[in-house]
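Participant: This is run05.csv (CSV, C-alpha atoms).
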```csv
chain,number,residue,atom,x,y,z
O,153,MET,CA,154.3,115.8,163.2
O,154,ASN,CA,155.4,119.4,162.3
O,155,GLN,CA,154.4,120.9,159.0
O,156,PRO,CA,157.1,121.9,156.5
O,157,ARG,CA,158.3,125.4,156.6
O,158,LEU,CA,160.3,127.6,154.2
O,159,ALA,CA,164.1,127.1,154.7
O,160,VAL,CA,166.3,129.9,156.0
O,161,LYS,CA,169.9,130.4,155.2
O,162,GLN,CA,171.0,128.8,158.4
O,163,ASP,CA,169.4,125.5,157.3
O,164,MET,CA,171.6,125.1,154.3
O,165,SER,CA,174.3,123.1,156.1
O,166,ARG,CA,171.8,120.4,157.0
O,167,VAL,CA,170.1,120.6,153.6
O,168,LEU,CA,173.5,119.9,152.0
O,169,GLU,CA,173.9,116.8,154.2
O,170,LEU,CA,170.6,115.5,152.9
O,171,ILE,CA,171.6,116.3,149.3
O,172,GLN,CA,174.8,114.3,149.9
O,173,GLU,CA,172.9,111.4,151.4
O,174,LEU,CA,170.6,111.2,148.4
O,175,ALA,CA,173.6,111.3,146.0
O,176,THR,CA,175.2,108.4,147.9
O,177,PHE,CA,171.9,106.5,147.7
O,178,GLU,CA,171.9,107.1,143.9
O,179,LYS,CA,175.4,105.7,143.7
O,180,GLU,CA,176.8,109.2,142.8
O,181,THR,CA,178.7,109.9,146.0
O,182,ASP,CA,181.2,112.2,144.3
O,183,ALA,CA,178.8,114.1,142.2
O,184,VAL,CA,177.9,116.9,144.7
O,185,GLU,CA,180.0,119.9,143.8
O,186,VAL,CA,178.0,122.6,145.5
O,187,ASN,CA,179.0,123.7,149.0
O,188,VAL,CA,177.0,125.5,151.8
O,189,LEU,CA,178.1,128.9,150.6
O,190,ASP,CA,176.8,128.2,147.1
O,191,LEU,CA,173.4,127.2,148.5
O,192,GLU,CA,173.3,130.2,150.8
O,193,ARG,CA,174.1,132.6,148.0
O,194,ASP,CA,171.9,130.9,145.3
O,195,GLY,CA,168.8,130.4,147.5
O,196,PHE,CA,168.8,133.7,149.5
O,197,GLY,CA,170.3,136.4,147.3
O,198,GLU,CA,168.5,139.1,145.4
O,199,ASN,CA,167.2,136.7,142.7
O,200,PRO,CA,166.9,133.4,144.5
O,201,LYS,CA,167.5,130.5,142.1
O,202,PHE,CA,165.3,128.1,144.2
O,203,THR,CA,162.8,127.8,147.0
O,204,CYS,CA,163.4,125.2,149.7
O,205,PHE,CA,160.9,123.6,152.1
O,206,VAL,CA,162.3,121.8,155.2
O,207,LEU,CA,160.6,119.5,157.6
O,208,GLU,CA,161.9,119.1,161.2
O,209,VAL,CA,161.5,116.0,163.4
O,210,ASN,CA,162.7,116.7,167.0
O,211,ASN,CA,164.3,119.9,166.0
O,212,SER,CA,166.4,118.3,163.3
O,213,ILE,CA,165.7,118.8,159.5
O,214,GLU,CA,164.9,115.3,158.2
O,215,GLY,CA,163.2,116.1,154.9
O,216,ILE,CA,163.5,118.8,152.2
O,217,ALA,CA,161.8,119.7,148.9
O,218,LEU,CA,163.6,122.1,146.6
O,219,VAL,CA,161.8,123.7,143.7
O,220,TYR,CA,162.2,126.4,141.0
O,221,PRO,CA,160.3,127.6,138.0
O,222,ARG,CA,160.8,126.2,134.5
O,223,TYR,CA,159.3,127.2,131.2
O,224,SER,CA,157.2,124.9,129.2
O,225,THR,CA,156.6,125.9,125.6
O,226,TRP,CA,153.3,124.1,125.9
O,227,LYS,CA,152.1,125.3,129.3
O,228,GLY,CA,154.1,128.4,130.1
O,229,GLU,CA,155.7,128.7,133.5
O,230,VAL,CA,155.7,125.4,135.5
O,231,LEU,CA,157.2,124.3,138.7
O,232,HIS,CA,160.1,121.8,138.9
O,233,LEU,CA,160.8,119.7,142.0
O,234,GLU,CA,164.5,119.2,141.8
O,235,ASP,CA,164.9,117.2,145.1
O,236,LEU,CA,162.4,115.6,147.5
O,237,ILE,CA,164.6,114.0,150.2
O,238,VAL,CA,163.7,112.3,153.4
O,239,SER,CA,166.6,111.1,155.6
O,240,GLU,CA,167.0,107.3,155.7
O,241,LYS,CA,166.2,107.0,159.3
O,242,CYS,CA,162.9,108.9,158.9
O,243,ARG,CA,161.5,107.1,155.8
O,244,GLY,CA,158.0,105.6,156.0
O,245,LYS,CA,156.6,108.1,158.4
O,246,GLY,CA,154.8,110.3,156.0
O,247,LEU,CA,157.4,113.1,155.7
O,248,GLY,CA,157.5,112.8,151.9
O,249,THR,CA,153.7,113.3,151.7
O,250,LEU,CA,153.8,116.4,153.9
O,251,LEU,CA,156.6,117.9,151.7
O,252,LEU,CA,154.9,117.1,148.5
O,253,ASN,CA,151.7,118.7,149.9
O,254,SER,CA,153.7,121.9,150.4
O,255,VAL,CA,155.1,121.7,146.8
O,256,VAL,CA,151.7,121.2,145.2
O,257,LYS,CA,150.1,124.0,147.3
O,258,HIS,CA,153.0,126.2,146.2
O,259,ALA,CA,152.3,125.3,142.6
O,260,LYS,CA,148.7,126.2,143.0
O,261,GLN,CA,149.6,129.6,144.6
O,262,LEU,CA,151.9,130.3,141.6
O,263,GLY,CA,149.1,129.4,139.3
O,264,VAL,CA,151.2,127.0,137.2
O,265,LYS,CA,149.8,124.2,135.1
O,266,ARG,CA,152.3,121.5,135.9
O,267,VAL,CA,154.7,120.2,138.5
O,268,SER,CA,157.6,118.1,137.0
O,269,TRP,CA,160.4,116.1,138.5
O,270,GLU,CA,162.7,113.2,137.6
O,271,VAL,CA,163.0,109.7,139.0
O,272,ILE,CA,165.6,106.9,138.6
O,273,ASP,CA,163.8,103.9,137.3
O,274,TRP,CA,165.0,101.4,139.8
O,275,ASN,CA,163.7,103.4,142.8
O,276,ASP,CA,160.4,101.5,143.0
O,277,PRO,CA,159.3,102.9,146.4
O,278,ALA,CA,159.6,106.4,145.0
O,279,ILE,CA,157.8,105.6,141.8
O,280,LYS,CA,154.9,103.9,143.7
O,281,PHE,CA,154.7,106.9,146.0
O,282,TYR,CA,154.5,109.4,143.1
O,283,GLU,CA,151.9,107.3,141.2
O,284,SER,CA,149.8,107.0,144.3
O,285,LYS,CA,149.7,110.8,144.3
O,286,GLY,CA,148.4,111.0,140.7
O,287,ALA,CA,151.7,111.8,139.0
O,288,ASN,CA,152.5,110.5,135.6
O,289,VAL,CA,155.8,108.6,135.5
O,290,MET,CA,156.7,109.0,131.8
O,291,ARG,CA,158.9,106.0,131.2
O,292,ASP,CA,159.2,106.9,127.5
O,293,TRP,CA,160.8,110.3,128.3
O,294,ASP,CA,164.5,110.2,129.1
O,295,VAL,CA,166.8,112.8,130.6
O,296,VAL,CA,169.7,113.9,128.5
O,297,GLN,CA,172.8,115.6,129.9
O,298,LEU,CA,175.9,117.1,128.5
O,299,ASP,CA,178.3,117.5,131.5
O,300,GLU,CA,181.2,119.9,132.1
O,301,LYS,CA,183.7,117.6,130.2
O,302,GLY,CA,181.1,117.1,127.5
O,303,ILE,CA,180.7,120.9,127.0
O,304,GLU,CA,184.5,121.3,126.8
O,305,ASN,CA,184.8,118.4,124.2
O,306,TYR,CA,181.9,119.8,122.3
O,307,LEU,CA,183.4,123.2,122.0
O,308,LYS,CA,186.8,121.8,121.0
O,309,ALA,CA,185.2,119.9,118.1
O,310,ILE,CA,183.4,122.8,116.5
N,231,MET,CA,173.9,128.7,105.8
N,232,ASN,CA,173.1,131.5,108.2
N,233,GLN,CA,174.2,131.3,111.8
N,234,PRO,CA,171.5,131.2,114.6
N,235,ARG,CA,170.7,134.6,116.1
N,236,LEU,CA,168.9,135.6,119.3
N,237,ALA,CA,165.1,135.8,118.8
N,238,VAL,CA,163.2,139.0,118.9
N,239,LYS,CA,159.6,139.5,120.0
N,240,GLN,CA,158.5,139.6,116.3
N,241,ASP,CA,159.7,136.1,115.8
N,242,MET,CA,157.4,134.5,118.3
N,243,SER,CA,154.5,133.9,115.9
N,244,ARG,CA,156.8,131.6,113.8
N,245,VAL,CA,158.4,130.1,116.9
N,246,LEU,CA,154.9,129.1,118.1
N,247,GLU,CA,154.3,127.4,114.7
N,248,LEU,CA,157.4,125.3,115.1
N,249,ILE,CA,156.4,124.5,118.7
N,250,GLN,CA,153.1,123.3,117.4
N,251,GLU,CA,154.7,121.3,114.7
N,252,LEU,CA,156.8,119.4,117.2
N,253,ALA,CA,153.8,118.8,119.5
N,254,THR,CA,152.0,117.2,116.5
N,255,PHE,CA,155.1,115.1,115.7
N,256,GLU,CA,155.1,113.9,119.4
N,257,LYS,CA,151.4,113.0,119.1
N,258,GLU,CA,150.3,115.7,121.4
N,259,THR,CA,148.6,118.1,119.0
N,260,ASP,CA,146.3,119.6,121.6
N,261,ALA,CA,148.9,120.0,124.3
N,262,VAL,CA,150.0,123.5,123.3
N,263,GLU,CA,148.2,126.0,125.5
N,264,VAL,CA,150.6,129.0,125.2
N,265,ASN,CA,149.8,131.7,122.6
N,266,VAL,CA,151.9,134.3,120.8
N,267,LEU,CA,151.2,136.9,123.5
N,268,ASP,CA,152.4,134.6,126.2
N,269,LEU,CA,155.7,133.9,124.5
N,270,GLU,CA,156.2,137.6,123.8
N,271,ARG,CA,155.5,138.5,127.4
N,272,ASP,CA,157.4,135.6,129.0
N,273,GLY,CA,160.5,135.9,126.8
N,274,PHE,CA,160.9,139.7,126.4
N,275,GLY,CA,159.7,141.2,129.7
N,276,GLU,CA,161.7,142.6,132.5
N,277,ASN,CA,162.7,139.1,133.8
N,278,PRO,CA,162.7,136.9,130.7
N,279,LYS,CA,161.8,133.3,131.5
N,280,PHE,CA,163.7,131.9,128.5
N,281,THR,CA,166.3,132.7,125.8
N,282,CYS,CA,165.5,131.7,122.3
N,283,PHE,CA,167.8,131.2,119.3
N,284,VAL,CA,166.4,131.1,115.8
N,285,LEU,CA,167.9,130.0,112.5
N,286,GLU,CA,166.7,131.4,109.2
N,287,VAL,CA,166.7,129.7,105.8
N,288,ASN,CA,165.7,132.0,102.9
N,289,ASN,CA,164.4,134.6,105.4
N,290,SER,CA,162.1,132.1,107.1
N,291,ILE,CA,162.8,130.7,110.6
N,292,GLU,CA,163.2,127.0,110.2
N,293,GLY,CA,164.8,126.1,113.5
N,294,ILE,CA,164.7,127.2,117.1
N,295,ALA,CA,166.5,126.4,120.4
N,296,LEU,CA,164.8,127.6,123.6
N,297,VAL,CA,166.8,127.5,126.9
N,298,TYR,CA,166.6,128.7,130.5
N,299,PRO,CA,168.5,128.2,133.7
N,300,ARG,CA,167.8,125.4,136.2
N,301,TYR,CA,169.3,124.7,139.5
N,302,SER,CA,171.1,121.4,140.2
N,303,THR,CA,171.7,120.7,143.9
N,304,TRP,CA,174.9,118.8,142.7
N,305,LYS,CA,176.3,121.3,140.2
N,306,GLY,CA,174.6,124.7,140.9
N,307,GLU,CA,173.1,126.7,138.1
N,308,VAL,CA,172.8,124.7,134.9
N,309,LEU,CA,171.2,125.3,131.5
N,310,HIS,CA,168.1,123.5,130.3
N,311,LEU,CA,167.3,123.1,126.6
N,312,GLU,CA,163.5,122.9,126.5
N,313,ASP,CA,163.1,122.7,122.8
N,314,LEU,CA,165.4,122.1,119.8
N,315,ILE,CA,163.2,122.1,116.8
N,316,VAL,CA,163.9,122.0,113.1
N,317,SER,CA,161.0,122.2,110.7
N,318,GLU,CA,160.2,119.0,108.9
N,319,LYS,CA,161.1,120.3,105.5
N,320,CYS,CA,164.6,121.5,106.7
N,321,ARG,CA,165.7,118.3,108.5
N,322,GLY,CA,169.0,116.7,107.6
N,323,LYS,CA,170.7,119.9,106.5
N,324,GLY,CA,172.7,120.6,109.7
N,325,LEU,CA,170.4,123.2,111.3
N,326,GLY,CA,170.2,121.2,114.5
N,327,THR,CA,173.9,121.1,114.8
N,328,LEU,CA,174.2,124.9,114.3
N,329,LEU,CA,171.5,125.5,116.9
N,330,LEU,CA,173.1,123.1,119.4
N,331,ASN,CA,176.4,124.8,118.9
N,332,SER,CA,174.8,128.1,119.9
N,333,VAL,CA,173.3,126.5,123.0
N,334,VAL,CA,176.6,125.0,124.1
N,335,LYS,CA,178.5,128.2,123.5
N,336,HIS,CA,175.8,130.0,125.6
N,337,ALA,CA,176.3,127.5,128.4
N,338,LYS,CA,180.1,128.1,128.3
N,339,GLN,CA,179.5,131.9,128.5
N,340,LEU,CA,177.2,131.4,131.5
N,341,GLY,CA,179.9,129.2,133.1
N,342,VAL,CA,177.5,126.4,133.9
N,343,LYS,CA,178.6,122.8,134.4
N,344,ARG,CA,175.8,121.1,132.5
N,345,VAL,CA,173.3,121.3,129.7
N,346,SER,CA,170.3,119.1,130.1
N,347,TRP,CA,167.2,118.3,128.0
N,348,GLU,CA,164.7,115.5,127.6
N,349,VAL,CA,164.0,113.1,124.7
N,350,ILE,CA,161.2,110.7,123.8
N,351,ASP,CA,162.6,107.2,123.6
N,352,TRP,CA,161.3,106.3,120.2
N,353,ASN,CA,162.8,109.3,118.5
N,354,ASP,CA,165.9,107.4,117.3
N,355,PRO,CA,167.3,110.1,115.0
N,356,ALA,CA,167.2,112.6,117.8
N,357,ILE,CA,168.9,110.2,120.3
N,358,LYS,CA,171.6,109.3,117.7
N,359,PHE,CA,172.2,112.9,117.0
N,360,TYR,CA,172.5,113.8,120.7
N,361,GLU,CA,174.8,110.9,121.4
N,362,SER,CA,177.0,111.8,118.4
N,363,LYS,CA,177.5,115.2,120.2
N,364,GLY,CA,178.7,113.5,123.4
N,365,ALA,CA,175.5,113.8,125.4
N,366,ASN,CA,174.5,111.2,127.8
N,367,VAL,CA,171.0,109.8,127.1
N,368,MET,CA,170.1,108.6,130.6
N,369,ARG,CA,167.6,105.8,129.9
N,370,ASP,CA,167.3,105.0,133.6
N,371,TRP,CA,166.0,108.5,134.5
N,372,ASP,CA,162.3,109.1,133.8
N,373,VAL,CA,160.4,112.4,133.6
N,374,VAL,CA,157.5,112.7,136.1
N,375,GLN,CA,154.6,115.2,135.7
N,376,LEU,CA,151.7,116.2,137.8
N,377,ASP,CA,149.5,118.1,135.4
N,378,GLU,CA,146.8,120.8,135.9
N,379,LYS,CA,144.1,118.2,136.6
N,380,GLY,CA,146.5,116.2,138.8
N,381,ILE,CA,147.2,119.3,140.9
N,382,GLU,CA,143.5,119.9,141.4
N,383,ASN,CA,142.8,116.3,142.3
N,384,TYR,CA,145.8,116.3,144.7
N,385,LEU,CA,144.6,119.3,146.5
N,386,LYS,CA,141.1,118.0,146.8
N,387,ALA,CA,142.4,114.8,148.4
N,388,ILE,CA,144.5,116.4,151.2
```
What does the file become when written as structure tokens?

Facilitator:
Amino acid sequence: MNQPRLAVKQDMSRVLELIQELATFEKETDAVEVNVLDLERDGFGENPKFTCFVLEVNNSIEGIALVYPRYSTWKGEVLHLEDLIVSEKCRGKGLGTLLLNSVVKHAKQLGVKRVSWEVIDWNDPAIKFYESKGANVMRDWDVVQLDEKGIENYLKAI
Amino acid sequence: MNQPRLAVKQDMSRVLELIQELATFEKETDAVEVNVLDLERDGFGENPKFTCFVLEVNNSIEGIALVYPRYSTWKGEVLHLEDLIVSEKCRGKGLGTLLLNSVVKHAKQLGVKRVSWEVIDWNDPAIKFYESKGANVMRDWDVVQLDEKGIENYLKAI
């Protein structure tokens, strides 16, 4: 098995395919609004907004881990894992572990005190995988979102 | 009532007090490891890691909202509200609404498609407040964390 490597701009087309595959799996097929140009600009400009690791199997990217810094008012700068994706056909072969290894090593290099991410509560294989790695799945903490329409409605009401 | 304003470096000592007050409310009294110097450096250096709004009552800061950008692989750059805190003695006077107004206006100015945050599921007044503002409290999405010790253990095991 290859080891993960840092993504380059030319990988973003395949990275977007995997992002879309995960959105479909999460029953949010139409939620992906970013395009390849967005990912290229946002990840590889002067101030990159994320760092992406990719993992190839037979010269095809079959897994990605996309991270960026966040700021905890308790711990200072921390690392957030936005997406850990393995293509459906390559599940169960250990790609997720290799990618998470890269993420945790990256966190160590940055010197941060936490890696955080989010999981949907019916994704049992993912939850078991994360807990087997020592992560704390905090079932009492929920994610809250005000979406684009919510922002518009909010501003109209004040 | 005053309107919220952007924090300055000199506010960080009081901001830290409010951060500590919230940690105690969330039964995590010992979790706060940042100090005033960290907040001053991280919020007011060359590349600030967060933006903080503060709201004064009788010349004392009684509420804060601390935000920073995140990157959604579905929506591009989004805004994350790390902390919305109102001191216990000033709850129920509308400070939270004024602070959230500033956050949503800031999101609009940045042109982002989402504001996100996290809430602990037993904090009913907070959840009701957020839902009354049109936010979606996603009870099926859980927060996952690998803490400092978890990072060390993880790296020892690979």

Participant: What is the atom CA of Leu329 of chain N-atom CA of Met242 of chain N distance in Å, reported with one decimal?

Facilitator: 16.8 Å

Participant: Compute the chain O side of the contact with chain N at 6 Å, counting all atoms listed in the file, and hand it back as a ChimeraX atom specification.

Facilitator: /O:184-186,226-227,265-273,286-300,302

Participant: Give chain O as an mmCIF file with C-alpha atoms, in the coordinates of the input once it has been least-squares superposed onto chain N over every C-alpha atom, paired in order.

Facilitator:
```cif
data_model
loop_
_atom_site.group_PDB
_atom_site.id
_atom_site.type_symbol
_atom_site.label_atom_id
_atom_site.label_comp_id
_atom_site.auth_asym_id
_atom_site.auth_seq_id
_atom_site.Cartn_x
_atom_site.Cartn_y
_atom_site.Cartn_z
ATOM 1 C CA MET O 153 173.889 128.649 105.745
ATOM 2 C CA ASN O 154 173.135 131.532 108.214
ATOM 3 C CA GLN O 155 174.201 131.254 111.810
ATOM 4 C CA PRO O 156 171.556 131.269 114.556
ATOM 5 C CA ARG O 157 170.716 134.530 116.092
ATOM 6 C CA LEU O 158 168.890 135.582 119.279
ATOM 7 C CA ALA O 159 165.072 135.750 118.699
ATOM 8 C CA VAL O 160 163.197 139.039 118.873
ATOM 9 C CA LYS O 161 159.647 139.478 119.901
ATOM 10 C CA GLN O 162 158.469 139.633 116.352
ATOM 11 C CA ASP O 163 159.703 136.053 115.786
ATOM 12 C CA MET O 164 157.402 134.552 118.327
ATOM 13 C CA SER O 165 154.559 133.875 115.879
ATOM 14 C CA ARG O 166 156.796 131.647 113.786
ATOM 15 C CA VAL O 167 158.424 130.103 116.861
ATOM 16 C CA LEU O 168 154.934 129.096 118.048
ATOM 17 C CA GLU O 169 154.277 127.398 114.687
ATOM 18 C CA LEU O 170 157.398 125.324 115.170
ATOM 19 C CA ILE O 171 156.396 124.490 118.762
ATOM 20 C CA GLN O 172 153.027 123.316 117.395
ATOM 21 C CA GLU O 173 154.662 121.245 114.691
ATOM 22 C CA LEU O 174 156.857 119.469 117.213
ATOM 23 C CA ALA O 175 153.825 118.765 119.467
ATOM 24 C CA THR O 176 151.988 117.227 116.493
ATOM 25 C CA PHE O 177 155.074 115.125 115.724
ATOM 26 C CA GLU O 178 155.043 113.922 119.379
ATOM 27 C CA LYS O 179 151.416 112.945 119.004
ATOM 28 C CA GLU O 180 150.353 115.770 121.435
ATOM 29 C CA THR O 181 148.611 118.039 118.953
ATOM 30 C CA ASP O 182 146.315 119.549 121.576
ATOM 31 C CA ALA O 183 148.842 120.030 124.252
ATOM 32 C CA VAL O 184 150.079 123.556 123.282
ATOM 33 C CA GLU O 185 148.270 126.009 125.502
ATOM 34 C CA VAL O 186 150.572 128.971 125.172
ATOM 35 C CA ASN O 187 149.772 131.640 122.584
ATOM 36 C CA VAL O 188 152.010 134.308 120.865
ATOM 37 C CA LEU O 189 151.229 136.878 123.510
ATOM 38 C CA ASP O 190 152.367 134.532 126.273
ATOM 39 C CA LEU O 191 155.682 133.945 124.488
ATOM 40 C CA GLU O 192 156.139 137.637 123.807
ATOM 41 C CA ARG O 193 155.516 138.562 127.412
ATOM 42 C CA ASP O 194 157.469 135.607 128.986
ATOM 43 C CA GLY O 195 160.555 135.857 126.724
ATOM 44 C CA PHE O 196 160.935 139.687 126.450
ATOM 45 C CA GLY O 197 159.661 141.222 129.675
ATOM 46 C CA GLU O 198 161.677 142.562 132.552
ATOM 47 C CA ASN O 199 162.663 139.078 133.828
ATOM 48 C CA PRO O 200 162.674 136.951 130.715
ATOM 49 C CA LYS O 201 161.727 133.352 131.542
ATOM 50 C CA PHE O 202 163.725 131.966 128.526
ATOM 51 C CA THR O 203 166.249 132.727 125.837
ATOM 52 C CA CYS O 204 165.457 131.719 122.264
ATOM 53 C CA PHE O 205 167.840 131.148 119.338
ATOM 54 C CA VAL O 206 166.342 131.110 115.794
ATOM 55 C CA LEU O 207 167.860 130.000 112.568
ATOM 56 C CA GLU O 208 166.613 131.418 109.215
ATOM 57 C CA VAL O 209 166.753 129.640 105.834
ATOM 58 C CA ASN O 210 165.717 132.021 102.980
ATOM 59 C CA ASN O 211 164.423 134.556 105.368
ATOM 60 C CA SER O 212 162.108 132.120 107.092
ATOM 61 C CA ILE O 213 162.763 130.759 110.683
ATOM 62 C CA GLU O 214 163.175 126.991 110.225
ATOM 63 C CA GLY O 215 164.867 126.023 113.484
ATOM 64 C CA ILE O 216 164.774 127.210 117.124
ATOM 65 C CA ALA O 217 166.476 126.330 120.429
ATOM 66 C CA LEU O 218 164.871 127.584 123.613
ATOM 67 C CA VAL O 219 166.752 127.496 126.879
ATOM 68 C CA TYR O 220 166.560 128.693 130.522
ATOM 69 C CA PRO O 221 168.498 128.195 133.692
ATOM 70 C CA ARG O 222 167.776 125.411 136.179
ATOM 71 C CA TYR O 223 169.288 124.640 139.534
ATOM 72 C CA SER O 224 171.098 121.483 140.214
ATOM 73 C CA THR O 225 171.708 120.666 143.858
ATOM 74 C CA TRP O 226 174.816 118.879 142.689
ATOM 75 C CA LYS O 227 176.213 121.370 140.182
ATOM 76 C CA GLY O 228 174.554 124.677 140.933
ATOM 77 C CA GLU O 229 173.075 126.654 138.084
ATOM 78 C CA VAL O 230 172.792 124.647 134.800
ATOM 79 C CA LEU O 231 171.267 125.285 131.488
ATOM 80 C CA HIS O 232 168.136 123.456 130.241
ATOM 81 C CA LEU O 233 167.304 123.083 126.543
ATOM 82 C CA GLU O 234 163.568 122.921 126.583
ATOM 83 C CA ASP O 235 163.049 122.698 122.745
ATOM 84 C CA LEU O 236 165.433 122.126 119.819
ATOM 85 C CA ILE O 237 163.149 122.164 116.742
ATOM 86 C CA VAL O 238 163.951 122.029 113.098
ATOM 87 C CA SER O 239 160.999 122.262 110.664
ATOM 88 C CA GLU O 240 160.222 118.988 108.852
ATOM 89 C CA LYS O 241 161.074 120.284 105.493
ATOM 90 C CA CYS O 242 164.538 121.450 106.635
ATOM 91 C CA ARG O 243 165.675 118.304 108.537
ATOM 92 C CA GLY O 244 169.010 116.717 107.590
ATOM 93 C CA LYS O 245 170.712 119.882 106.561
ATOM 94 C CA GLY O 246 172.665 120.552 109.655
ATOM 95 C CA LEU O 247 170.353 123.153 111.262
ATOM 96 C CA GLY O 248 170.132 121.165 114.508
ATOM 97 C CA THR O 249 173.957 121.134 114.821
ATOM 98 C CA LEU O 250 174.222 124.888 114.280
ATOM 99 C CA LEU O 251 171.535 125.493 116.990
ATOM 100 C CA LEU O 252 173.068 123.155 119.430
ATOM 101 C CA ASN O 253 176.445 124.887 118.836
ATOM 102 C CA SER O 254 174.790 128.146 119.899
ATOM 103 C CA VAL O 255 173.290 126.468 123.045
ATOM 104 C CA VAL O 256 176.583 124.955 124.158
ATOM 105 C CA LYS O 257 178.507 128.228 123.527
ATOM 106 C CA HIS O 258 175.817 129.963 125.580
ATOM 107 C CA ALA O 259 176.335 127.455 128.355
ATOM 108 C CA LYS O 260 180.016 128.072 128.321
ATOM 109 C CA GLN O 261 179.502 131.898 128.470
ATOM 110 C CA LEU O 262 177.212 131.380 131.515
ATOM 111 C CA GLY O 263 179.851 129.255 133.082
ATOM 112 C CA VAL O 264 177.470 126.386 133.907
ATOM 113 C CA LYS O 265 178.530 122.811 134.465
ATOM 114 C CA ARG O 266 175.792 121.040 132.583
ATOM 115 C CA VAL O 267 173.337 121.317 129.736
ATOM 116 C CA SER O 268 170.205 119.067 130.183
ATOM 117 C CA TRP O 269 167.255 118.264 128.005
ATOM 118 C CA GLU O 270 164.654 115.520 127.540
ATOM 119 C CA VAL O 271 164.038 113.093 124.706
ATOM 120 C CA ILE O 272 161.161 110.696 123.849
ATOM 121 C CA ASP O 273 162.618 107.269 123.593
ATOM 122 C CA TRP O 274 161.234 106.319 120.258
ATOM 123 C CA ASN O 275 162.800 109.325 118.470
ATOM 124 C CA ASP O 276 165.897 107.405 117.345
ATOM 125 C CA PRO O 277 167.214 110.083 114.931
ATOM 126 C CA ALA O 278 167.233 112.570 117.780
ATOM 127 C CA ILE O 279 168.866 110.222 120.218
ATOM 128 C CA LYS O 280 171.625 109.294 117.682
ATOM 129 C CA PHE O 281 172.181 112.976 116.999
ATOM 130 C CA TYR O 282 172.561 113.844 120.714
ATOM 131 C CA GLU O 283 174.890 110.859 121.383
ATOM 132 C CA SER O 284 177.024 111.797 118.437
ATOM 133 C CA LYS O 285 177.505 115.147 120.167
ATOM 134 C CA GLY O 286 178.731 113.552 123.429
ATOM 135 C CA ALA O 287 175.488 113.815 125.387
ATOM 136 C CA ASN O 288 174.480 111.196 127.839
ATOM 137 C CA VAL O 289 171.004 109.801 127.142
ATOM 138 C CA MET O 290 170.060 108.558 130.638
ATOM 139 C CA ARG O 291 167.556 105.853 129.858
ATOM 140 C CA ASP O 292 167.258 104.992 133.567
ATOM 141 C CA TRP O 293 166.028 108.524 134.445
ATOM 142 C CA ASP O 294 162.357 109.172 133.778
ATOM 143 C CA VAL O 295 160.367 112.386 133.685
ATOM 144 C CA VAL O 296 157.542 112.692 136.126
ATOM 145 C CA GLN O 297 154.663 115.145 135.732
ATOM 146 C CA LEU O 298 151.697 116.145 137.737
ATOM 147 C CA ASP O 299 149.422 118.107 135.309
ATOM 148 C CA GLU O 300 146.794 120.795 135.940
ATOM 149 C CA LYS O 301 144.030 118.145 136.643
ATOM 150 C CA GLY O 302 146.501 116.211 138.754
ATOM 151 C CA ILE O 303 147.268 119.303 140.921
ATOM 152 C CA GLU O 304 143.524 119.947 141.375
ATOM 153 C CA ASN O 305 142.871 116.227 142.373
ATOM 154 C CA TYR O 306 145.850 116.308 144.631
ATOM 155 C CA LEU O 307 144.693 119.328 146.485
ATOM 156 C CA LYS O 308 141.146 117.976 146.819
ATOM 157 C CA ALA O 309 142.477 114.812 148.493
ATOM 158 C CA ILE O 310 144.520 116.466 151.195
#
```

Participant: So that I can check the surroundings of Ser290 of chain N, please list as a PyMOL selection string every protein, DNA and RNA residue that reaches within 10 Å of it, counting only C-alpha atoms and ignoring chain neighbours fewer than 5 positions away.

Facilitator: chain N and resi 241+244+284-285

Participant: Would you mind reading off the distance between atom CA of Lys319 of chain N and atom CA of Glu286 of chain N, one decimal, in Å?

Facilitator: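 Straight-line distance from atom CA of Lys319 of chain N to atom CA of Glu286 of chain N works out to 13.0 Å.
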
Participant: Atom CA of Gly248 of chain O and atom CA of Phe281 of chain O, how far apart in Å?

Facilitator: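 Atom CA of Phe281 of chain O sits 8.8 Å away from atom CA of Gly248 of chain O.
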
Participant: Using only C-alpha atoms, find the one residue out of N:Leu340, N:Val333, N:Val287, N:Val266 that sits nearest to Gln240 of chain N.

Facilitator: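 Checking each candidate against Gln240 of chain N, we get N:Val266 as the closest.
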
Participant: Keeping N, CA and C atoms, write segment 193-198 of chain O of the structure just shown out as an mmCIF file, in the first residue's frame.

Facilitator:
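Dumped to result_2.cif:
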```cif
data_model
loop_
_atom_site.group_PDB
_atom_site.id
_atom_site.type_symbol
_atom_site.label_atom_id
_atom_site.label_comp_id
_atom_site.auth_asym_id
_atom_site.auth_seq_id
_atom_site.Cartn_x
_atom_site.Cartn_y
_atom_site.Cartn_z
ATOM 1 N N ARG O 193 -8.308 27.115 -6.084
ATOM 2 C CA ARG O 193 -8.003 28.467 -5.584
ATOM 3 C C ARG O 193 -7.855 28.460 -4.056
ATOM 4 N N ASP O 194 -8.771 27.779 -3.377
ATOM 5 C CA ASP O 194 -8.806 27.855 -1.918
ATOM 6 C C ASP O 194 -7.707 27.028 -1.254
ATOM 7 N N GLY O 195 -7.258 25.984 -1.929
ATOM 8 C CA GLY O 195 -6.262 25.118 -1.305
ATOM 9 C C GLY O 195 -4.835 25.428 -1.711
ATOM 10 N N PHE O 196 -4.659 26.208 -2.787
ATOM 11 C CA PHE O 196 -3.313 26.355 -3.324
ATOM 12 C C PHE O 196 -2.964 27.801 -3.664
ATOM 13 N N GLY O 197 -3.679 28.742 -3.051
ATOM 14 C CA GLY O 197 -3.367 30.152 -3.254
ATOM 15 C C GLY O 197 -2.308 30.616 -2.263
ATOM 16 N N GLU O 198 -2.269 31.912 -2.054
ATOM 17 C CA GLU O 198 -1.242 32.494 -1.188
ATOM 18 C C GLU O 198 -1.484 32.124 0.280
#
```
